[in-house]
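A short write-up of the structure that comes next.
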Amino acid sequence: MAKTLKDLLLALLNATLILVALCLFLGWKLARSVENIQDNFRESLQIVQPLREQAQGVREDLASLRADLSGIRILGDDEPELKQKLQQALVRLDEVQAKLETTQARLNELVENPQMLIDYAVTTTVDATTARLIELRGCGEAA
């Protein structure tokens with residue numbers, strides 16, 4: 001009986017050590033994955049910077065176009081059809097400029113606060129991994 005108990009305790013200790021080693025290995029792999037994600041985001045943010053500058057240039061072009069259209073509208077006060085079309089063009093231009101400003105604000109936020117992207121990527125990765133593990137274990141529905 002004592003030998004059986006001793007063998008069971010050794011088997012339990014062995015299994016526990018194997019599980020600890022497996023957890024350490026998986027934790028190390030996860031840490032490496034997070035570091036790789038951070039490196040990828042740093043590279044992505046370097047790509048976003050020229051887009052941000054280009055959006056600023058487009059915004060300036062839109063402002064110039066608006067000024068030109070306003071000048072033409074003032075000159076074309078005699079023709080109501082021309083005035084109406086110019087007004088419609090100015091309204092569309094305002095809508096495009098509003099969308100561009102929103103996009104530029106988002107780009108600025110991403111460039112100034114890359115931690116948001118990293119947090120989103122890590123959260124998404126962890127959720128996907130958890131779902132996959134649950135599926136492999138047979139506890140959840142297949143996606």
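For the structure tokens, the naming scheme is as follows: chains receive sequential letters (A, B, ...) according to their order of presentation, residues are indexed from 1 within each chain, and ligands are indexed from 1 in presentation order.
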Note to self: I need the residues in region 77-142 of chain A that are helix (DSSP H, G or I) according to DSSP; give them as number ranges by chain.
What the structure shows: A: 80-112, 115-137
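Residues lying within 10 Å of region 116-131 of chain A, counting only C-alpha atoms and ignoring same-chain neighbours fewer than 2 positions away, are Leu30, Ser33, Val34, Glu35, Ile37, Gln38, Asp39, Asn40, Phe41, Arg42, Leu45, Glu109, Leu110, Val111, Glu112, Asn113, Pro114, Leu133, Ile134, Glu135, Leu136, Arg137, Cys139, Gly140, Glu141, Ala142 and Ala143 of chain A.
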Margin query: To one decimal place in Å, what is the distance between CA of Leu12 (chain A) and CA of Leu26 (chain A)?
Written below: 20.9 Å
Checklist line | Residue neighbourhood Leu100 (chain A), 10 Å, only C-alpha atoms, exclusion window fewer than 3 positions, as a PyMOL selection string | finding: chain A and resi 55-56+58-59+62+94-97+103-106
How would the residues just chosen look if you wrote them out with all heavy atoms as an mmCIF file, in the first residue's frame?
```cif
data_model
loop_
_atom_site.group_PDB
_atom_site.id
_atom_site.type_symbol
_atom_site.label_atom_id
_atom_site.label_comp_id
_atom_site.auth_asym_id
_atom_site.auth_seq_id
_atom_site.Cartn_x
_atom_site.Cartn_y
_atom_site.Cartn_z
ATOM 1 N N ALA A 55 -3.335 63.310 -46.086
ATOM 2 C CA ALA A 55 -4.681 63.763 -45.742
ATOM 3 C C ALA A 55 -4.678 65.255 -45.453
ATOM 4 O O ALA A 55 -5.612 65.978 -45.833
ATOM 5 C CB ALA A 55 -5.220 62.986 -44.543
ATOM 6 N N GLN A 56 -3.642 65.742 -44.812
ATOM 7 C CA GLN A 56 -3.536 67.179 -44.540
ATOM 8 C C GLN A 56 -3.429 67.946 -45.857
ATOM 9 O O GLN A 56 -4.059 68.988 -46.024
ATOM 10 C CB GLN A 56 -2.315 67.469 -43.650
ATOM 11 C CG GLN A 56 -2.115 68.938 -43.344
ATOM 12 C CD GLN A 56 -3.243 69.540 -42.543
ATOM 13 O OE1 GLN A 56 -3.884 68.866 -41.745
ATOM 14 N NE2 GLN A 56 -3.507 70.809 -42.770
ATOM 15 N N VAL A 58 -4.618 67.017 -48.796
ATOM 16 C CA VAL A 58 -5.926 66.960 -49.449
ATOM 17 C C VAL A 58 -6.878 67.956 -48.798
ATOM 18 O O VAL A 58 -7.668 68.621 -49.471
ATOM 19 C CB VAL A 58 -6.494 65.521 -49.404
ATOM 20 C CG1 VAL A 58 -7.936 65.480 -49.851
ATOM 21 C CG2 VAL A 58 -5.650 64.599 -50.261
ATOM 22 N N ARG A 59 -6.781 68.065 -47.491
ATOM 23 C CA ARG A 59 -7.623 69.034 -46.782
ATOM 24 C C ARG A 59 -7.345 70.454 -47.247
ATOM 25 O O ARG A 59 -8.264 71.257 -47.452
ATOM 26 C CB ARG A 59 -7.330 68.926 -45.283
ATOM 27 C CG ARG A 59 -8.540 68.697 -44.461
ATOM 28 C CD ARG A 59 -8.175 68.528 -43.012
ATOM 29 N NE ARG A 59 -8.788 69.611 -42.299
ATOM 30 C CZ ARG A 59 -8.363 70.109 -41.182
ATOM 31 N NH1 ARG A 59 -7.286 69.658 -40.634
ATOM 32 N NH2 ARG A 59 -9.017 71.066 -40.602
ATOM 33 N N LEU A 62 -8.875 70.918 -50.637
ATOM 34 C CA LEU A 62 -10.327 71.101 -50.545
ATOM 35 C C LEU A 62 -10.668 72.527 -50.109
ATOM 36 O O LEU A 62 -11.628 73.120 -50.622
ATOM 37 C CB LEU A 62 -10.934 70.096 -49.573
ATOM 38 C CG LEU A 62 -11.046 68.652 -50.059
ATOM 39 C CD1 LEU A 62 -11.547 67.758 -48.933
ATOM 40 C CD2 LEU A 62 -11.945 68.552 -51.263
ATOM 41 N N ASP A 94 -18.391 70.161 -48.557
ATOM 42 C CA ASP A 94 -18.433 70.192 -47.091
ATOM 43 C C ASP A 94 -18.516 68.785 -46.512
ATOM 44 O O ASP A 94 -17.856 68.474 -45.518
ATOM 45 C CB ASP A 94 -19.635 71.011 -46.604
ATOM 46 C CG ASP A 94 -19.454 72.500 -46.822
ATOM 47 O OD1 ASP A 94 -18.290 72.943 -46.963
ATOM 48 O OD2 ASP A 94 -20.473 73.223 -46.853
ATOM 49 N N GLU A 95 -19.323 67.919 -47.145
ATOM 50 C CA GLU A 95 -19.453 66.540 -46.676
ATOM 51 C C GLU A 95 -18.130 65.789 -46.798
ATOM 52 O O GLU A 95 -17.714 65.074 -45.883
ATOM 53 C CB GLU A 95 -20.540 65.813 -47.464
ATOM 54 C CG GLU A 95 -21.931 66.317 -47.202
ATOM 55 C CD GLU A 95 -22.962 65.756 -48.168
ATOM 56 O OE1 GLU A 95 -22.590 64.988 -49.076
ATOM 57 O OE2 GLU A 95 -24.147 66.100 -48.004
ATOM 58 N N VAL A 96 -17.459 65.978 -47.945
ATOM 59 C CA VAL A 96 -16.169 65.307 -48.154
ATOM 60 C C VAL A 96 -15.149 65.813 -47.155
ATOM 61 O O VAL A 96 -14.375 65.034 -46.580
ATOM 62 C CB VAL A 96 -15.682 65.521 -49.610
ATOM 63 C CG1 VAL A 96 -14.239 65.087 -49.773
ATOM 64 C CG2 VAL A 96 -16.574 64.772 -50.577
ATOM 65 N N GLN A 97 -15.149 67.116 -46.908
ATOM 66 C CA GLN A 97 -14.187 67.670 -45.958
ATOM 67 C C GLN A 97 -14.464 67.164 -44.542
ATOM 68 O O GLN A 97 -13.531 66.874 -43.792
ATOM 69 C CB GLN A 97 -14.208 69.194 -45.988
ATOM 70 C CG GLN A 97 -13.106 69.791 -45.131
ATOM 71 C CD GLN A 97 -12.904 71.262 -45.370
ATOM 72 O OE1 GLN A 97 -13.674 71.895 -46.081
ATOM 73 N NE2 GLN A 97 -11.874 71.809 -44.785
ATOM 74 N N THR A 103 -11.402 61.225 -40.686
ATOM 75 C CA THR A 103 -10.342 60.260 -40.984
ATOM 76 C C THR A 103 -9.000 60.755 -40.463
ATOM 77 O O THR A 103 -8.234 59.988 -39.875
ATOM 78 C CB THR A 103 -10.259 60.020 -42.510
ATOM 79 O OG1 THR A 103 -11.528 59.564 -42.964
ATOM 80 C CG2 THR A 103 -9.191 59.007 -42.840
ATOM 81 N N GLN A 104 -8.717 62.040 -40.666
ATOM 82 C CA GLN A 104 -7.452 62.578 -40.190
ATOM 83 C C GLN A 104 -7.377 62.552 -38.667
ATOM 84 O O GLN A 104 -6.322 62.253 -38.103
ATOM 85 C CB GLN A 104 -7.251 64.002 -40.701
ATOM 86 C CG GLN A 104 -5.872 64.540 -40.388
ATOM 87 C CD GLN A 104 -5.614 65.882 -41.033
ATOM 88 O OE1 GLN A 104 -6.509 66.500 -41.576
ATOM 89 N NE2 GLN A 104 -4.378 66.324 -40.957
ATOM 90 N N ALA A 105 -8.482 62.800 -38.001
ATOM 91 C CA ALA A 105 -8.491 62.738 -36.536
ATOM 92 C C ALA A 105 -8.195 61.320 -36.059
ATOM 93 O O ALA A 105 -7.446 61.117 -35.100
ATOM 94 C CB ALA A 105 -9.835 63.220 -35.998
ATOM 95 N N ARG A 106 -8.768 60.335 -36.745
ATOM 96 C CA ARG A 106 -8.502 58.940 -36.374
ATOM 97 C C ARG A 106 -7.036 58.579 -36.617
ATOM 98 O O ARG A 106 -6.412 57.897 -35.804
ATOM 99 C CB ARG A 106 -9.405 58.001 -37.157
ATOM 100 C CG ARG A 106 -10.831 58.048 -36.710
ATOM 101 C CD ARG A 106 -11.686 57.090 -37.493
ATOM 102 N NE ARG A 106 -13.083 57.205 -37.107
ATOM 103 C CZ ARG A 106 -14.078 56.730 -37.812
ATOM 104 N NH1 ARG A 106 -13.840 56.085 -38.940
ATOM 105 N NH2 ARG A 106 -15.310 56.879 -37.402
#
```
Next item on the list: Give me, please, the distance in Å between CA of Asn108 (chain A) and CA of Arg52 (chain A), quoted to one decimal.
Entry: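 Going from CA of Asn108 (chain A) over to CA of Arg52 (chain A), I get 7.0 Å.
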Notebook entry, point to check: What's the 12 Å shell around Leu93 (chain A), counting only C-alpha atoms, without same-chain residues fewer than 6 positions away, as a ChimeraX atom specification?
Noted result: /A:58-59,61-70,86-87,99-100
Please produce a file of those selected residues containing N, CA, C and O atoms, as an mmCIF file, in the first residue's frame.
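again21.cif, freshly written:
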```cif
data_model
loop_
_atom_site.group_PDB
_atom_site.id
_atom_site.type_symbol
_atom_site.label_atom_id
_atom_site.label_comp_id
_atom_site.auth_asym_id
_atom_site.auth_seq_id
_atom_site.Cartn_x
_atom_site.Cartn_y
_atom_site.Cartn_z
ATOM 1 N N VAL A 58 -4.618 67.017 -48.796
ATOM 2 C CA VAL A 58 -5.926 66.960 -49.449
ATOM 3 C C VAL A 58 -6.878 67.956 -48.798
ATOM 4 O O VAL A 58 -7.668 68.621 -49.471
ATOM 5 N N ARG A 59 -6.781 68.065 -47.491
ATOM 6 C CA ARG A 59 -7.623 69.034 -46.782
ATOM 7 C C ARG A 59 -7.345 70.454 -47.247
ATOM 8 O O ARG A 59 -8.264 71.257 -47.452
ATOM 9 N N ASP A 61 -6.149 71.281 -50.160
ATOM 10 C CA ASP A 61 -6.663 71.378 -51.534
ATOM 11 C C ASP A 61 -8.175 71.607 -51.535
ATOM 12 O O ASP A 61 -8.695 72.389 -52.341
ATOM 13 N N LEU A 62 -8.875 70.918 -50.637
ATOM 14 C CA LEU A 62 -10.327 71.101 -50.545
ATOM 15 C C LEU A 62 -10.668 72.527 -50.109
ATOM 16 O O LEU A 62 -11.628 73.120 -50.622
ATOM 17 N N ALA A 63 -9.917 73.057 -49.185
ATOM 18 C CA ALA A 63 -10.161 74.435 -48.741
ATOM 19 C C ALA A 63 -9.937 75.404 -49.894
ATOM 20 O O ALA A 63 -10.717 76.360 -50.086
ATOM 21 N N SER A 64 -8.905 75.185 -50.680
ATOM 22 C CA SER A 64 -8.639 76.027 -51.836
ATOM 23 C C SER A 64 -9.758 75.912 -52.858
ATOM 24 O O SER A 64 -10.204 76.911 -53.434
ATOM 25 N N LEU A 65 -10.222 74.701 -53.105
ATOM 26 C CA LEU A 65 -11.324 74.475 -54.042
ATOM 27 C C LEU A 65 -12.594 75.162 -53.559
ATOM 28 O O LEU A 65 -13.330 75.757 -54.348
ATOM 29 N N ARG A 66 -12.846 75.103 -52.267
ATOM 30 C CA ARG A 66 -14.021 75.770 -51.715
ATOM 31 C C ARG A 66 -13.943 77.278 -51.956
ATOM 32 O O ARG A 66 -14.932 77.917 -52.332
ATOM 33 N N ALA A 67 -12.775 77.839 -51.738
ATOM 34 C CA ALA A 67 -12.608 79.275 -51.972
ATOM 35 C C ALA A 67 -12.850 79.614 -53.445
ATOM 36 O O ALA A 67 -13.518 80.609 -53.762
ATOM 37 N N ASP A 68 -12.338 78.788 -54.343
ATOM 38 C CA ASP A 68 -12.553 79.021 -55.780
ATOM 39 C C ASP A 68 -14.035 78.931 -56.138
ATOM 40 O O ASP A 68 -14.548 79.764 -56.887
ATOM 41 N N LEU A 69 -14.719 77.913 -55.619
ATOM 42 C CA LEU A 69 -16.147 77.771 -55.902
ATOM 43 C C LEU A 69 -16.958 78.931 -55.332
ATOM 44 O O LEU A 69 -17.915 79.395 -55.962
ATOM 45 N N SER A 70 -16.583 79.390 -54.176
ATOM 46 C CA SER A 70 -17.282 80.535 -53.594
ATOM 47 C C SER A 70 -17.084 81.771 -54.457
ATOM 48 O O SER A 70 -18.018 82.556 -54.654
ATOM 49 N N LEU A 86 -23.526 75.300 -58.119
ATOM 50 C CA LEU A 86 -22.375 75.635 -57.272
ATOM 51 C C LEU A 86 -22.706 75.391 -55.797
ATOM 52 O O LEU A 86 -21.860 74.904 -55.043
ATOM 53 N N GLN A 87 -23.931 75.689 -55.411
ATOM 54 C CA GLN A 87 -24.330 75.453 -54.022
ATOM 55 C C GLN A 87 -24.307 73.957 -53.704
ATOM 56 O O GLN A 87 -23.847 73.547 -52.647
ATOM 57 N N LYS A 99 -15.764 64.246 -43.737
ATOM 58 C CA LYS A 99 -15.274 62.863 -43.692
ATOM 59 C C LYS A 99 -13.753 62.831 -43.607
ATOM 60 O O LYS A 99 -13.176 62.025 -42.874
ATOM 61 N N LEU A 100 -13.110 63.695 -44.360
ATOM 62 C CA LEU A 100 -11.650 63.742 -44.342
ATOM 63 C C LEU A 100 -11.126 64.174 -42.979
ATOM 64 O O LEU A 100 -10.141 63.627 -42.485
#
```
